[in-house]
>>> print(open('target.cif').read())   # mmCIF, C-alpha atoms
data_upload
#
loop_
_atom_site.label_atom_id
_atom_site.label_comp_id
_atom_site.auth_asym_id
_atom_site.auth_seq_id
_atom_site.Cartn_x
_atom_site.Cartn_y
_atom_site.Cartn_z
CA THR M 1 19.09 -167.69 44.24
CA SER M 2 20.50 -164.54 42.69
CA SER M 3 19.56 -163.66 39.12
CA LYS M 4 21.61 -165.07 36.25
CA LEU M 5 22.05 -164.01 32.63
CA LEU M 6 21.12 -166.54 29.95
CA SER M 7 22.99 -165.88 26.70
CA ALA M 8 22.88 -167.36 23.20
CA TYR M 9 25.74 -167.20 20.68
CA ILE M 10 25.43 -168.42 17.09
CA ASN M 11 28.76 -168.99 15.34
CA GLY M 12 30.33 -166.80 17.99
CA THR M 13 27.95 -163.86 17.58
CA ALA M 14 26.01 -162.72 20.64
CA THR M 15 22.42 -163.15 19.54
CA ALA M 16 20.06 -162.86 22.52
CA PHE M 17 20.05 -162.45 26.28
CA ASN M 18 17.53 -162.89 29.08
CA LEU M 19 17.77 -162.32 32.81
CA ILE M 20 16.71 -165.37 34.80
CA SER M 21 14.66 -164.03 37.68
CA THR M 22 13.74 -167.45 39.07
CA TYR M 23 16.89 -169.50 39.54
CA GLN M 24 16.94 -172.95 41.08
CA ASN M 25 20.20 -174.23 42.47
CA SER M 26 21.60 -177.72 41.97
CA VAL M 27 19.69 -178.76 38.86
CA GLY M 28 22.48 -180.40 36.94
CA PHE M 29 22.63 -183.38 34.62
CA ALA M 30 20.07 -185.42 36.50
CA TYR M 31 17.02 -184.64 38.59
CA SER M 32 16.65 -186.49 41.89
CA ASN M 33 13.96 -188.83 40.66
CA SER M 34 14.02 -192.59 40.20
CA ASN M 35 12.44 -192.30 36.73
CA SER M 36 15.17 -193.25 34.25
CA ALA M 37 13.82 -190.67 31.80
CA TYR M 38 15.00 -187.90 34.11
CA VAL M 39 18.64 -187.82 33.04
CA MET M 40 20.53 -185.31 30.95
CA ALA M 41 20.04 -186.10 27.27
CA ILE M 42 21.64 -185.18 23.97
CA GLY M 43 19.27 -185.34 21.02
CA ARG M 44 15.90 -185.12 22.77
CA GLY M 45 13.82 -183.17 25.28
CA GLN M 46 12.45 -184.28 28.64
CA PHE M 47 8.98 -184.47 30.10
CA THR M 48 6.86 -187.38 31.32
CA THR M 49 8.18 -189.16 28.23
CA PRO M 50 11.04 -188.10 25.92
CA PHE M 51 10.12 -185.93 22.93
CA GLY M 52 11.54 -183.43 20.42
CA TYR M 53 14.10 -185.78 18.87
CA PHE M 54 16.97 -184.20 16.92
CA ASP M 55 17.36 -185.07 13.24
CA GLY M 56 20.88 -184.53 11.92
CA TYR M 57 24.52 -184.57 12.99
CA MET M 58 26.37 -183.37 16.09
CA SER M 59 30.06 -182.83 16.65
CA ASN M 60 32.11 -181.97 19.74
CA ILE M 61 29.27 -181.44 22.20
CA ARG M 62 30.91 -179.98 25.29
CA ILE M 63 29.39 -178.93 28.62
CA THR M 64 31.59 -176.97 31.00
CA ASN M 65 31.05 -176.03 34.61
CA SER M 66 31.97 -172.41 33.95
CA VAL M 67 31.03 -169.48 31.72
CA LEU M 68 33.47 -169.51 28.80
CA TYR M 69 32.02 -166.60 26.81
CA THR M 70 30.69 -163.22 27.94
CA ALA M 71 30.77 -161.41 24.58
CA SER M 72 30.95 -162.26 20.87
CA PHE M 73 33.92 -164.44 19.98
CA THR M 74 35.52 -166.20 17.03
CA ALA M 75 34.00 -169.66 16.79
CA PRO M 76 36.59 -172.43 17.23
CA THR M 77 38.15 -173.78 14.04
CA SER M 78 39.51 -177.00 15.55
CA PRO M 79 38.05 -179.78 17.71
CA LEU M 80 37.13 -178.85 21.27
CA THR M 81 39.27 -180.16 24.11
CA SER M 82 38.62 -181.15 27.69
CA VAL M 83 39.37 -177.86 29.44
CA ALA M 84 39.75 -177.68 33.23
CA SER M 85 36.03 -177.11 33.83
CA CYS M 86 34.80 -179.66 31.27
CA SER M 87 32.03 -181.90 32.60
CA LEU M 88 31.21 -183.77 29.39
CA LEU M 89 32.67 -183.95 25.86
CA THR M 90 31.19 -186.33 23.30
CA CYS M 91 30.46 -186.85 19.59
CA ASN M 92 34.12 -186.11 18.93
CA ALA M 93 35.69 -189.53 18.41
CA ALA M 94 35.37 -192.75 16.44
CA THR M 95 33.13 -194.22 19.15
CA ILE M 96 30.52 -192.80 21.52
CA VAL M 97 32.52 -191.85 24.60
CA ASP M 98 32.96 -189.04 27.10
CA SER M 99 36.34 -187.48 26.36
CA SER M 100 36.34 -185.34 29.50
CA THR M 101 38.44 -186.43 32.45
CA ASN M 102 35.22 -187.70 34.04
CA ASN M 103 35.00 -190.47 31.43
CA PHE M 104 31.30 -190.98 32.05
CA THR M 105 29.50 -193.87 30.40
CA VAL M 106 27.48 -192.38 27.53
CA SER M 107 24.54 -194.59 26.61
CA ALA M 108 23.28 -194.63 23.02
CA ASN M 109 19.53 -195.00 22.64
CA GLY M 110 17.82 -195.91 19.40
CA ASN M 111 20.06 -195.93 16.34
CA VAL M 112 22.58 -193.22 17.25
CA LYS M 113 25.90 -193.91 15.57
CA ILE M 114 29.22 -192.30 14.79
CA THR M 115 29.78 -191.58 11.12
CA SER M 116 32.63 -190.09 9.11
CA SER M 117 30.53 -189.50 5.98
CA ILE M 118 29.43 -186.11 7.30
CA SER M 119 31.92 -184.90 9.87
CA LYS M 120 32.96 -181.46 11.06
CA PHE M 121 36.62 -182.29 11.67
CA GLY M 122 37.10 -185.73 10.14
CA ASN M 123 37.11 -187.53 13.48
CA GLY M 124 33.49 -188.63 13.22
CA SER M 125 30.21 -187.04 14.23
CA GLY M 126 27.10 -188.36 15.91
CA PHE M 127 24.19 -189.14 13.58
CA PHE M 128 20.64 -188.92 15.01
CA ASP M 129 17.74 -189.96 12.77
CA GLY M 130 15.02 -188.06 14.65
CA VAL M 131 13.16 -191.23 15.70
CA GLY M 132 14.03 -192.30 19.22
CA ASP M 133 17.75 -191.46 19.00
CA SER M 134 19.53 -189.87 21.96
CA LEU M 135 22.56 -190.06 24.21
CA THR M 136 22.27 -190.08 28.00
CA VAL M 137 24.61 -190.08 30.98
CA PRO M 138 23.94 -191.79 34.34
CA SER M 139 22.41 -189.89 37.24
CA THR M 140 25.66 -190.33 39.18
CA SER M 141 27.22 -187.77 36.84
CA ASN M 142 25.23 -185.02 38.53
CA ALA M 143 27.95 -184.60 41.16
CA ALA M 144 30.33 -183.42 38.44
CA PHE M 145 28.01 -180.73 37.13
CA ASN M 146 26.66 -177.93 39.29
CA PRO M 147 25.28 -174.96 37.33
CA ASN M 148 25.09 -172.62 40.32
CA ASN M 149 28.09 -170.58 39.18
CA GLY M 150 27.22 -170.65 35.48
CA PHE M 151 27.88 -173.15 32.72
CA THR M 152 28.44 -173.37 28.96
CA VAL M 153 26.94 -175.74 26.39
CA GLU M 154 28.57 -175.68 22.94
CA GLY M 155 29.35 -177.77 19.89
CA TRP M 156 28.48 -178.02 16.21
CA VAL M 157 25.18 -179.27 14.82
CA LEU M 158 23.85 -179.87 11.32
CA PHE M 159 20.07 -180.20 10.83
CA THR M 160 18.85 -182.38 7.97
CA SER M 161 15.11 -181.81 8.38
CA ASN M 162 12.69 -179.10 9.46
CA PRO M 163 13.86 -178.34 13.02
CA ASN M 164 10.39 -177.91 14.45
CA PHE M 165 10.83 -178.00 18.23
CA GLN M 166 13.90 -180.23 18.34
CA PHE M 167 16.33 -180.51 21.25
CA ILE M 168 20.12 -180.61 21.06
CA VAL M 169 20.93 -180.89 24.77
CA SER M 170 18.47 -180.92 27.67
CA SER M 171 18.72 -181.40 31.40
CA ALA M 172 16.52 -183.55 33.55
CA GLN M 173 12.90 -182.59 34.06
CA GLY M 174 12.52 -179.51 36.21
CA VAL M 175 10.23 -178.80 39.11
CA GLY M 176 6.47 -178.30 39.02
CA THR M 177 5.10 -178.07 35.51
CA PHE M 178 8.46 -177.22 33.93
CA GLU M 179 9.75 -179.56 31.28
CA SER M 180 13.51 -179.80 30.65
CA TYR M 181 14.90 -177.45 33.26
CA TRP M 182 17.51 -176.13 30.86
CA PHE M 183 17.98 -176.89 27.19
CA VAL M 184 19.47 -175.85 23.86
CA GLY M 185 17.23 -176.46 20.87
CA THR M 186 14.74 -174.86 18.52
CA THR M 187 11.36 -173.17 18.65
CA SER M 188 8.25 -174.59 17.00
CA GLY M 189 9.04 -172.29 14.08
CA GLY M 190 12.57 -173.59 13.60
CA ASN M 191 14.57 -170.79 15.26
CA TRP M 192 17.43 -171.25 17.72
CA ARG M 193 16.32 -171.28 21.36
CA VAL M 194 17.85 -171.76 24.79
CA SER M 195 15.97 -171.94 28.07
CA TYR M 196 16.52 -172.20 31.81
CA GLY M 197 13.74 -172.91 34.27
CA GLY M 198 10.97 -173.21 31.71
CA ALA M 199 9.91 -169.56 31.83
CA SER M 200 13.31 -167.99 31.12
CA ALA M 201 13.62 -168.76 27.43
CA VAL M 202 15.77 -166.98 24.88
CA ASP M 203 14.09 -167.20 21.48
CA THR M 204 16.74 -165.77 19.18
CA GLY M 205 14.55 -165.15 16.14
CA VAL M 206 17.41 -166.60 14.05
CA ALA M 207 16.32 -169.38 11.72
CA ILE M 208 18.17 -172.69 11.44
CA VAL M 209 20.10 -173.13 8.19
CA PHE M 210 19.71 -176.68 6.86
CA ASN M 211 22.69 -178.89 5.97
CA THR M 212 25.17 -176.41 7.43
CA TRP M 213 27.41 -176.86 10.45
CA THR M 214 26.62 -174.25 13.10
CA HIS M 215 28.42 -173.60 16.38
#
>>> encode(input="target.cif", output="structure tokens")
Amino acid sequence: TSSKLLSAYINGTATAFNLISTYQNSVGFAYSNSNSAYVMAIGRGQFTTPFGYFDGYMSNIRITNSVLYTASFTAPTSPLTSVASCSLLTCNAATIVDSSTNNFTVSANGNVKITSSISKFGNGSGFFDGVGDSLTVPSTSNAAFNPNNGFTVEGWVLFTSNPNFQFIVSSAQGVGTFESYWFVGTTSGGNWRVSYGGASAVDTGVAIVFNTWTH
């Protein structure tokens, strides 16, 4: 239960940091609860019922079981690949699949679809209409993702509407009164935000730019 550093990078630039003083081990993709809503989701947040649906496009969403960046870096200029520590890689192909070696079943909820009309690299991106759209992975995937030693969530997103409290990626519901135990998304004012454990949020103060791909 040692402290961890929560970091946010926007287009490769180190933007904000926060020390996580309360750190819970073994909260990965899925919380140990029979409620089907408590699975890791792309495109929405988690609580008693899903909320905070994403409105826009996503490309190359990758979650790795290691810390890939510790300082500002040059944002990738080509599609992401399944590196050795990759737990999930999706929204990067002509169909909705997990391109990591885990090959998890990725379930599309609502009207999520792959489109090439607006695509970061020409290989298709995931389109979410902000009304009930999300991607989820089964609770069995939790064994492949353990954040105890650090992890990285990255990809490209393009918002098409006011990003008022929208979620890009969120874990299962946390303990107690916490909502998504960790997530990448936006604040109620439309700034970039990441959080771990509910209370350890990093509000970057950097506003979302509409209709622009951001890593």
>>> resolve_selection(input="target.cif", expression="the PyMOL selection byres ((chain M and resi 183-185) around 7)", output="ChimeraX atom specification")
/M:166-171,180-182,186,192-196
>>> resolve_selection(input="target.cif", expression="the PyMOL selection byres ((chain M and resi 209-214) around 8)", output="list in words")
Ile10, Asn11, Lys120, Trp156, Val157, Leu158, Phe159, Thr160, Ser161, Asn162, Ala207, Ile208 and His215 of chain M
>>> resolve_selection(input="target.cif", expression="the PyMOL selection byres ((chain M and resi 114) around 12)", output="ChimeraX atom specification")
/M:56-60,90-97,108,111-113,115-119,122-129,135
>>> closest_atom_pairs(input="target.cif", of="region 91-140 of chain M", to="region 39-54 of chain M", cutoff="7 Å", atoms="only C-alpha atoms", output="Markdown table")
| residue | atom | partner | partner_atom | distance |
| --- | --- | --- | --- | --- |
| M:Phe128 | CA | M:Phe54 | CA | 6.3 |
| M:Gly130 | CA | M:Tyr53 | CA | 4.9 |
| M:Val131 | CA | M:Tyr53 | CA | 6.4 |
| M:Gly132 | CA | M:Tyr53 | CA | 6.5 |
| M:Asp133 | CA | M:Gly43 | CA | 6.6 |
| M:Ser134 | CA | M:Gly43 | CA | 4.6 |
| M:Leu135 | CA | M:Ile42 | CA | 5.0 |
| M:Thr136 | CA | M:Ala41 | CA | 4.6 |
| M:Val137 | CA | M:Met40 | CA | 6.3 |
| M:Pro138 | CA | M:Val39 | CA | 6.7 |
| M:Ser139 | CA | M:Val39 | CA | 6.0 |
>>> atom_distance(input="target.cif", atom1="CA of Gly190 (chain M)", atom2="CA of Val106 (chain M)")
27.7 Å
>>> closest_atom_pairs(input="target.cif", of="region 101-126 of chain M", to="region 77-87 of chain M", cutoff="8 Å", atoms="all atoms listed in the file", output="CSV")
residue,atom,partner,partner_atom,distance
M:Thr101,CA,M:Ser82,CA,7.1
M:Asn102,CA,M:Ser87,CA,6.8
M:Phe121,CA,M:Pro79,CA,6.7
>>> atom_distance(input="target.cif", atom1="CA of Glu154 (chain M)", atom2="CA of Ser99 (chain M)")
14.5 Å
>>> atom_distance(input="target.cif", atom1="CA of Phe17 (chain M)", atom2="CA of Ala71 (chain M)")
10.9 Å
